[in-house]
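In what follows, a structure is listed as structure tokens, so that the remarks can point back to it.
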Amino acid sequence: MEKGSIPVYLITIMVVMLILIGEIIVFTSSQDDFSSDVTIEDDTLTYSLEGKGSYTYDVVSLNGSLGSPSEVFVYYDPGYGSMVNQVSVSTGAMALDQGYYVEQMSPTLKVRGITNVKIVDAEELGTIMANPGYGKAVVILSGAIPDTVYDGMSESVILDWIETGGRLYWAGNVIGQYIAHKGSVEEVECGQSIFLGAECINTEDTRGEEVIDNGFRDVLYLQNNLLRFAPDLSLLPEDSVCVVMGYTDGSCNSITSLSVGKGSVCIFGGDYSSRQRIDLAQVIASGVGPETELVEYATGVMNHSINGTIGKADAVYVVLGGFFPVYCRLHEVVE
Amino acid sequence: MNLFKEDRFFCKGMILVIILGIVIRLVLGTVLKFNGDSYSWALIISNVEAGSGLYDVSGYNYSPVWGYILSAFAQLMPLIGVGEWGTLIPELLVFEPEQLAFATSVEFNFAITCLFTAADLAVAYLAYWIVKELTGDTIKAKIAFAVYLLAIHVIIISTAGAMFDSFSALLTLLCVFFLYKNNYVCAGAMFAAAALLKLFPAFLIFILVAYLIQKDALKWKRNLACAAVGAIMMSAVIMVPNIIDGHLMDSMSFIISRATSNEGIVALLMKYSSVIAYLIIISLEVVLAVHYFKKKDSSERTFVWYLFISIMIILLYPGTPQYVILLAPFLVMAAVVYDRRFVRPLLLTMVCTSMFALSSIDIQLASLAEYTDFMSVNSLVDFIRAYDDSGLFYVIGGIGGVGQYISIIWSLIIALEDTGFKIPKILGKRSPQETSE
């Protein structure tokens, strides 16, 4: 072999090895590469995290957590009308329509430990909501609620379901304003009042430029700051119980979680975006609800493993990777 | 004093060039980074490590090759000391598009720059090897190495630009190397990897096939079959797992959806103009391959020359700054080996492509503002607003983009003239034989 060619053969071997090793990593990496555990120790909680590399970690203890939902149902029925705005995406990316958003929910939640995710149509949603909602979560991204659960009145099936403990996660348009029928959409007068007790939704395309100073944005790595379709907090009834997260313009907030009966409605501001989807998954998985308080959090860089203690609370949410999460888990603390 | 005079590769001049090339890259690449792309690389690595593969969760829009390279390289990141990958700067959320609010950490930037620097070094070495083979002149080969490694536009794309086109150039040059070595299976494999990494090298198929047929009139069928076997094997290794996983369309989304993701008349015009333009480009590639074939000259010198023209034809459809990286080693080789008239367009592309790539300098400072004390985030926000208001983005980007395109056309005119096409004598004329000796 000619001497000058040897480096070229070595370069070839390295490039091919990079491709092949990378391919193996792509197809063998899994959530099983990570683990976390939380145990009670006197008046504190002891946590331990393990992973295959070096990552930022966040461990946050929460009181008043809703816990992990037993099932997550994502509503999607192309046969029914919807009311969402088309958004543009960067060159080369898949168009972010309702179908793709819904499809993306399952893998986005999987990284956060939620594996029981089902996509349901209008008929199936009707069947689900005919039963008590406790412990279950429904995500509606269609901007219009199907007539199988909503008729524009406060006695609608969906409201009964929420009041029995169901968690409704909403994004894409004004909540309650549209009823979806097969192939059409009907507008409802004062529909948002049925869910929120007041006409309070912001319909202007505004952004929150301030971080809400209650810690949730930092520990949950919330990203979306769009405020269209978010409720104006000052217009909500005074007795409303809610927590806001993310970003604010002073009156509207990028994420608002409100108590409705024994259940909750969580509204995500803005038209569709990848950021909104990630925030949605993060809020569902962390179990943060209208009465959740952040007790304490620990953060740093983990190299393969880390142990520590944190203030005692109902639940502990673990995030590995920060804004680039590789593993998130909610641990409910049972004495 | 000629620093490259010694026969051995690692002479004083070359060591100086290598050290300069590496240090400039690592410093620039750590502090300057186009956060739109570096954010994407961090997102892809995190998706893979989370077990979501390349396509389960949105974020990766290319064919799998770059994702594989990134995933393998990410295993080294803890060794380089990368713990935090990046963060979102709330103050930048007011600017569009959304991913620009992210800043990757300086450790992450350093790590990713190491990868691009390694690729640039490899491309520079291949330019050295090819020039040495073509001319037998070690000094010319060393000059080609030095010019490529220190070319400002190559440095900017590998550092601030954070784009992986140097790997596209590397795989294309490896294909050329194996053709030289009559190793057609490996040549086919490298061609397939290059074409699957970024589409442009795929357009070179016509000239490559013409060369294979020309090179050995007796065994061309066997040689072509060997190259096809290599290409099929590499394609299968890269693509089959994704096809089984149901991600074939996802892995092609950058080609399929690039002109359909936005609305309006502009998007429609872009869609159809790009389709028409690439049909014309394919036709020109076929014409060039036929012209080459009729020349009945199977020398490597003529083959590399036609390959150079072939790449310039691909770039006739105006593109982004990183697209010219595929051309860069060939343009350097053309200036060193074939015709010194290429020096001027080479200088023009160095300056203009750098301007084009640095036109978004404001957001390239995000990592510096977030992770160092050299600049505060508030200063960055003020700078972005002032930069936006001044219109400098359009001025610098416009001059850079137009200048880059002119440099390609200029190079193509010179090349076509030297090939014997009758081009109006607007730039003077000199044959390649006159200058190469």
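Here's how to read the names in the structure tokens: chain A, B, ... by the order shown, residue numbers from 1 in each chain, ligand numbers from 1 in the order shown.
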Would you give me, as a tab-separated table, each residue of chain B having an atom within 8 Å of an atom of chain A, along with its shortest atom pair and that distance in Å to one decimal, using only C-alpha atoms and sorting by chain and residue number?
```
residue	atom	partner	partner_atom	distance
B:Ala42	CA	A:Phe324	CA	7.0
B:Leu43	CA	A:Phe324	CA	5.8
B:Ser46	CA	A:Val326	CA	5.5
B:Asn47	CA	A:Val326	CA	6.7
B:Val48	CA	A:Val26	CA	5.6
B:Glu49	CA	A:Ser29	CA	5.6
B:Ala50	CA	A:Val326	CA	4.2
B:Gly51	CA	A:Ser30	CA	3.7
B:Ser52	CA	A:Pro107	CA	7.0
B:Gly53	CA	A:Val26	CA	5.2
B:Leu54	CA	A:Val26	CA	6.9
B:Asp56	CA	A:Pro107	CA	6.4
B:Val57	CA	A:Pro107	CA	6.1
B:Ser58	CA	A:Gln104	CA	7.3
B:Gly59	CA	A:Ala93	CA	7.5
B:Tyr60	CA	A:Ala93	CA	7.8
B:Asn61	CA	A:Ala93	CA	5.7
B:Tyr62	CA	A:Gly92	CA	7.9
B:Val65	CA	A:Ile19	CA	6.5
B:Gly67	CA	A:Gly22	CA	7.5
B:Tyr68	CA	A:Gly22	CA	4.0
B:Ile69	CA	A:Ile19	CA	5.2
B:Leu70	CA	A:Gly22	CA	7.1
B:Ser71	CA	A:Gly22	CA	4.9
B:Ala72	CA	A:Gly22	CA	4.1
B:Phe73	CA	A:Leu18	CA	7.2
B:Gln75	CA	A:Gly53	CA	7.7
B:Pro78	CA	A:Ser54	CA	5.5
B:Val82	CA	A:Ser54	CA	7.1
B:Gly83	CA	A:Tyr55	CA	5.0
B:Glu84	CA	A:Thr56	CA	5.5
B:Trp85	CA	A:Phe324	CA	7.5
B:Gly86	CA	A:Phe323	CA	7.1
B:Thr87	CA	A:Phe323	CA	6.1
B:Leu88	CA	A:Phe323	CA	7.4
B:Pro90	CA	A:Val211	CA	7.2
B:Glu91	CA	A:Glu209	CA	6.9
B:Leu93	CA	A:Glu209	CA	7.2
B:Val94	CA	A:Glu209	CA	6.9
B:Ala122	CA	A:Ile11	CA	6.8
B:Tyr125	CA	A:Val8	CA	7.8
B:Leu126	CA	A:Val8	CA	7.0
B:Trp129	CA	A:Gly4	CA	7.2
B:Leu174	CA	A:Thr12	CA	7.2
B:Ile238	CA	A:Glu23	CA	7.6
B:Ser253	CA	A:Gly92	CA	6.2
B:Phe254	CA	A:Gly92	CA	4.2
B:Ile255	CA	A:Gly92	CA	7.1
B:Ile256	CA	A:Gly92	CA	7.8
B:Ser257	CA	A:Gly92	CA	5.5
B:Arg258	CA	A:Gly92	CA	4.1
B:Ala259	CA	A:Thr91	CA	7.2
B:Ser261	CA	A:Ala95	CA	5.5
B:Asn262	CA	A:Ser88	CA	5.2
B:Glu263	CA	A:Ser88	CA	7.1
```
For Val17 of chain B, list every protein, DNA or RNA residue within 12 Å, evaluated using only C-alpha atoms, and leave out those in the same chain fewer than 3 positions away; present the list as JSON, numbers by chain. {"B": [3, 4, 9, 10, 11, 12, 13, 14, 20, 21, 22, 23, 24, 121, 124, 142, 143, 144, 145, 146, 147, 148, 149, 150, 151]}
I need the residues of segment 60-308 of chain A that end up classed as alpha helix (DSSP H) by DSSP on the backbone, written out as a PyMOL selection string. chain A and resi 98-110+122-129+157-163+191-196+216-220+274-286
Could you save the residues just selected, with N, CA and C atoms, as a compact mmCIF listing (two decimals), in the first residue's frame?
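File selection09.txt, as written:
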```
# COMPACT_ATOMS: atom_id res chain seq x y z
N GLN A 98 -52.95 19.12 12.53
CA GLN A 98 -53.51 18.43 13.68
C GLN A 98 -53.10 16.95 13.73
N GLY A 99 -53.11 16.32 12.56
CA GLY A 99 -52.77 14.90 12.51
C GLY A 99 -51.34 14.64 12.99
N TYR A 100 -50.41 15.48 12.54
CA TYR A 100 -49.01 15.29 12.92
C TYR A 100 -48.80 15.62 14.41
N TYR A 101 -49.48 16.66 14.87
CA TYR A 101 -49.40 17.05 16.29
C TYR A 101 -49.86 15.88 17.16
N VAL A 102 -51.01 15.32 16.80
CA VAL A 102 -51.58 14.20 17.57
C VAL A 102 -50.62 13.00 17.55
N GLU A 103 -50.11 12.71 16.37
CA GLU A 103 -49.18 11.58 16.20
C GLU A 103 -47.93 11.77 17.08
N GLN A 104 -47.51 13.02 17.21
CA GLN A 104 -46.29 13.32 17.98
C GLN A 104 -46.50 13.25 19.49
N MET A 105 -47.73 13.30 19.93
CA MET A 105 -47.98 13.32 21.38
C MET A 105 -47.47 12.05 22.06
N SER A 106 -47.72 10.91 21.45
CA SER A 106 -47.36 9.65 22.09
C SER A 106 -45.85 9.53 22.33
N PRO A 107 -44.98 9.71 21.30
CA PRO A 107 -43.53 9.64 21.59
C PRO A 107 -43.04 10.74 22.51
N THR A 108 -43.68 11.92 22.44
CA THR A 108 -43.25 13.02 23.32
C THR A 108 -43.56 12.67 24.78
N LEU A 109 -44.70 12.02 25.01
CA LEU A 109 -45.06 11.61 26.38
C LEU A 109 -44.25 10.41 26.84
N LYS A 110 -43.89 9.54 25.91
CA LYS A 110 -43.15 8.32 26.26
C LYS A 110 -41.82 8.65 26.96
N ALA A 122 -64.35 10.74 17.77
CA ALA A 122 -65.46 11.39 18.47
C ALA A 122 -66.33 10.37 19.20
N GLU A 123 -66.61 9.24 18.56
CA GLU A 123 -67.45 8.21 19.19
C GLU A 123 -66.76 7.65 20.43
N GLU A 124 -65.47 7.34 20.29
CA GLU A 124 -64.72 6.78 21.42
C GLU A 124 -64.61 7.79 22.56
N LEU A 125 -64.47 9.06 22.21
CA LEU A 125 -64.39 10.09 23.25
C LEU A 125 -65.71 10.14 24.04
N GLY A 126 -66.81 9.99 23.30
CA GLY A 126 -68.12 9.96 23.95
C GLY A 126 -68.22 8.82 24.94
N THR A 127 -67.72 7.66 24.57
CA THR A 127 -67.76 6.48 25.45
C THR A 127 -66.88 6.72 26.68
N ILE A 128 -65.70 7.27 26.45
CA ILE A 128 -64.76 7.52 27.57
C ILE A 128 -65.37 8.50 28.56
N MET A 129 -65.96 9.56 28.04
CA MET A 129 -66.46 10.63 28.91
C MET A 129 -67.81 10.28 29.53
N VAL A 157 -71.66 16.47 28.46
CA VAL A 157 -70.95 15.29 28.98
C VAL A 157 -69.52 15.65 29.39
N ILE A 158 -68.86 16.48 28.58
CA ILE A 158 -67.45 16.80 28.85
C ILE A 158 -67.30 17.52 30.20
N LEU A 159 -68.27 18.36 30.53
CA LEU A 159 -68.19 19.09 31.81
C LEU A 159 -68.44 18.16 32.99
N ASP A 160 -69.39 17.23 32.81
CA ASP A 160 -69.61 16.22 33.87
C ASP A 160 -68.34 15.40 34.08
N TRP A 161 -67.73 15.05 32.98
CA TRP A 161 -66.51 14.22 33.04
C TRP A 161 -65.40 14.96 33.80
N ILE A 162 -65.23 16.25 33.49
CA ILE A 162 -64.18 17.04 34.19
C ILE A 162 -64.54 17.12 35.69
N GLU A 163 -65.80 17.40 35.98
CA GLU A 163 -66.20 17.57 37.38
C GLU A 163 -66.05 16.31 38.21
N GLY A 191 -69.35 30.30 24.77
CA GLY A 191 -68.91 28.94 25.07
C GLY A 191 -67.80 28.88 26.11
N GLN A 192 -66.90 29.88 26.08
CA GLN A 192 -65.78 29.83 27.03
C GLN A 192 -66.24 29.97 28.47
N SER A 193 -67.37 30.68 28.68
CA SER A 193 -67.91 30.85 30.04
C SER A 193 -68.32 29.51 30.64
N ILE A 194 -68.76 28.60 29.78
CA ILE A 194 -69.20 27.29 30.27
C ILE A 194 -68.03 26.57 30.95
N PHE A 195 -66.85 26.75 30.44
CA PHE A 195 -65.67 26.07 31.01
C PHE A 195 -64.98 26.92 32.08
N LEU A 196 -64.95 28.24 31.85
CA LEU A 196 -64.10 29.09 32.69
C LEU A 196 -64.89 30.03 33.60
N PHE A 216 -41.95 27.17 38.01
CA PHE A 216 -42.37 26.08 37.12
C PHE A 216 -41.69 26.15 35.75
N ARG A 217 -41.52 27.38 35.24
CA ARG A 217 -40.88 27.52 33.92
C ARG A 217 -39.48 26.90 33.94
N ASP A 218 -38.76 27.14 35.03
CA ASP A 218 -37.37 26.66 35.09
C ASP A 218 -37.30 25.15 35.32
N VAL A 219 -38.13 24.62 36.22
CA VAL A 219 -37.99 23.19 36.55
C VAL A 219 -38.65 22.30 35.49
N LEU A 220 -39.66 22.84 34.81
CA LEU A 220 -40.30 22.03 33.76
C LEU A 220 -39.75 22.38 32.37
N SER A 274 -44.11 23.35 18.03
CA SER A 274 -43.39 22.24 18.69
C SER A 274 -43.20 22.56 20.16
N ARG A 275 -42.97 23.82 20.46
CA ARG A 275 -42.79 24.22 21.86
C ARG A 275 -44.03 23.94 22.67
N GLN A 276 -45.19 24.27 22.09
CA GLN A 276 -46.45 24.04 22.79
C GLN A 276 -46.62 22.55 23.07
N ARG A 277 -46.30 21.72 22.07
CA ARG A 277 -46.42 20.26 22.24
C ARG A 277 -45.52 19.76 23.36
N ILE A 278 -44.31 20.27 23.40
CA ILE A 278 -43.37 19.83 24.44
C ILE A 278 -43.87 20.28 25.82
N ASP A 279 -44.35 21.51 25.92
CA ASP A 279 -44.90 22.00 27.20
C ASP A 279 -46.09 21.15 27.62
N LEU A 280 -46.93 20.84 26.66
CA LEU A 280 -48.14 20.03 26.94
C LEU A 280 -47.74 18.69 27.54
N ALA A 281 -46.79 18.04 26.92
CA ALA A 281 -46.33 16.74 27.42
C ALA A 281 -45.71 16.88 28.81
N GLN A 282 -44.95 17.94 28.99
CA GLN A 282 -44.26 18.15 30.26
C GLN A 282 -45.28 18.38 31.39
N VAL A 283 -46.32 19.15 31.13
CA VAL A 283 -47.32 19.44 32.18
C VAL A 283 -48.13 18.17 32.49
N ILE A 284 -48.50 17.43 31.45
CA ILE A 284 -49.25 16.18 31.69
C ILE A 284 -48.39 15.23 32.54
N ALA A 285 -47.14 15.05 32.13
CA ALA A 285 -46.29 14.05 32.79
C ALA A 285 -45.91 14.45 34.21
N SER A 286 -45.76 15.74 34.46
CA SER A 286 -45.35 16.19 35.80
C SER A 286 -46.51 16.18 36.78
```
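Between atom CA of Leu380 of chain B and atom CA of Met163 of chain B the separation is 23.1 Å.
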Please identify all polymer residues within 7 Å of Ile157 of chain B, counting only C-alpha atoms, omitting same-chain residues fewer than 5 positions from it, and present them as a PDB file with C-alpha atoms, in the first residue's frame.
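Wrote result-v9.pdb, looks like this:
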```pdb
ATOM      1  CA  ALA B 162     -22.426  24.620  12.264  1.00  0.00           C
ATOM      2  CA  MET B 163     -23.309  22.839   9.033  1.00  0.00           C
ATOM      3  CA  GLN B 322     -22.900  25.900   3.063  1.00  0.00           C
ATOM      4  CA  ALA B 357     -22.906  32.968   6.400  1.00  0.00           C
TER       5      ALA B 357
END
```
Show which residues sit within 9 Å of Val336 of chain B, as a PyMOL selection string. Count only C-alpha atoms, and ignore same-chain residues fewer than 2 positions away. chain B and resi 131+140-141+143-144+331-334+338-340+342-343+436
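One finds atom CA of Leu326 of chain B at 9.8 Å from atom CA of Leu171 of chain B.
Picture a line from atom CA of Glu199 of chain A to atom CA of Tyr75 of chain A; it runs 24.6 Å.
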Can you pull out the residues contacting Pro321 of chain B? Cut-off 12 Å, using only C-alpha atoms, and skip same-chain residues under 6 positions away; I want them as a PyMOL selection string. chain B and resi 153-158+160-165+315+327-328+349-360+397-398+400-405+408
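By only C-alpha atoms, and with residues fewer than 4 positions from Gly165 of chain A along its chain excluded, the set lying at most 7 Å from it is Gly133, Tyr134, Gly135, Trp161, Lys262 and Gly263 of chain A.
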For the strand (DSSP E or B) assignment from backbone DSSP, which residues of segment 67-207 of chain B qualify? Please present them as a compact mmCIF listing (two decimals) with N, CA and C atoms, in the first residue's frame.
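What follows is the written file out.txt:
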```txt
# COMPACT_ATOMS: atom_id res chain seq x y z
N GLY B 86 -27.48 23.17 26.38
CA GLY B 86 -27.96 24.47 25.94
C GLY B 86 -29.13 24.92 26.76
N THR B 87 -29.60 26.11 26.46
CA THR B 87 -30.73 26.65 27.21
C THR B 87 -31.55 27.57 26.33
N LEU B 88 -32.73 27.90 26.83
CA LEU B 88 -33.58 28.84 26.12
C LEU B 88 -33.41 30.21 26.78
N PHE B 102 -32.85 29.64 21.39
CA PHE B 102 -31.99 28.69 22.09
C PHE B 102 -30.52 29.04 21.88
N ALA B 103 -29.73 28.79 22.91
CA ALA B 103 -28.28 28.93 22.77
C ALA B 103 -27.66 27.64 23.26
N THR B 104 -26.86 27.02 22.43
CA THR B 104 -26.14 25.84 22.90
C THR B 104 -24.97 26.31 23.76
```
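Nearest residue to Leu62 of chain A, choosing from A:Ile201, A:Leu258, A:Leu45, A:Val120 and counting only C-alpha atoms: A:Leu45.
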Pick the closest to Lys181 of chain B from B:Ala202, B:Glu133, B:Ile139, B:Leu248: which is it, counting only C-alpha atoms? B:Glu133
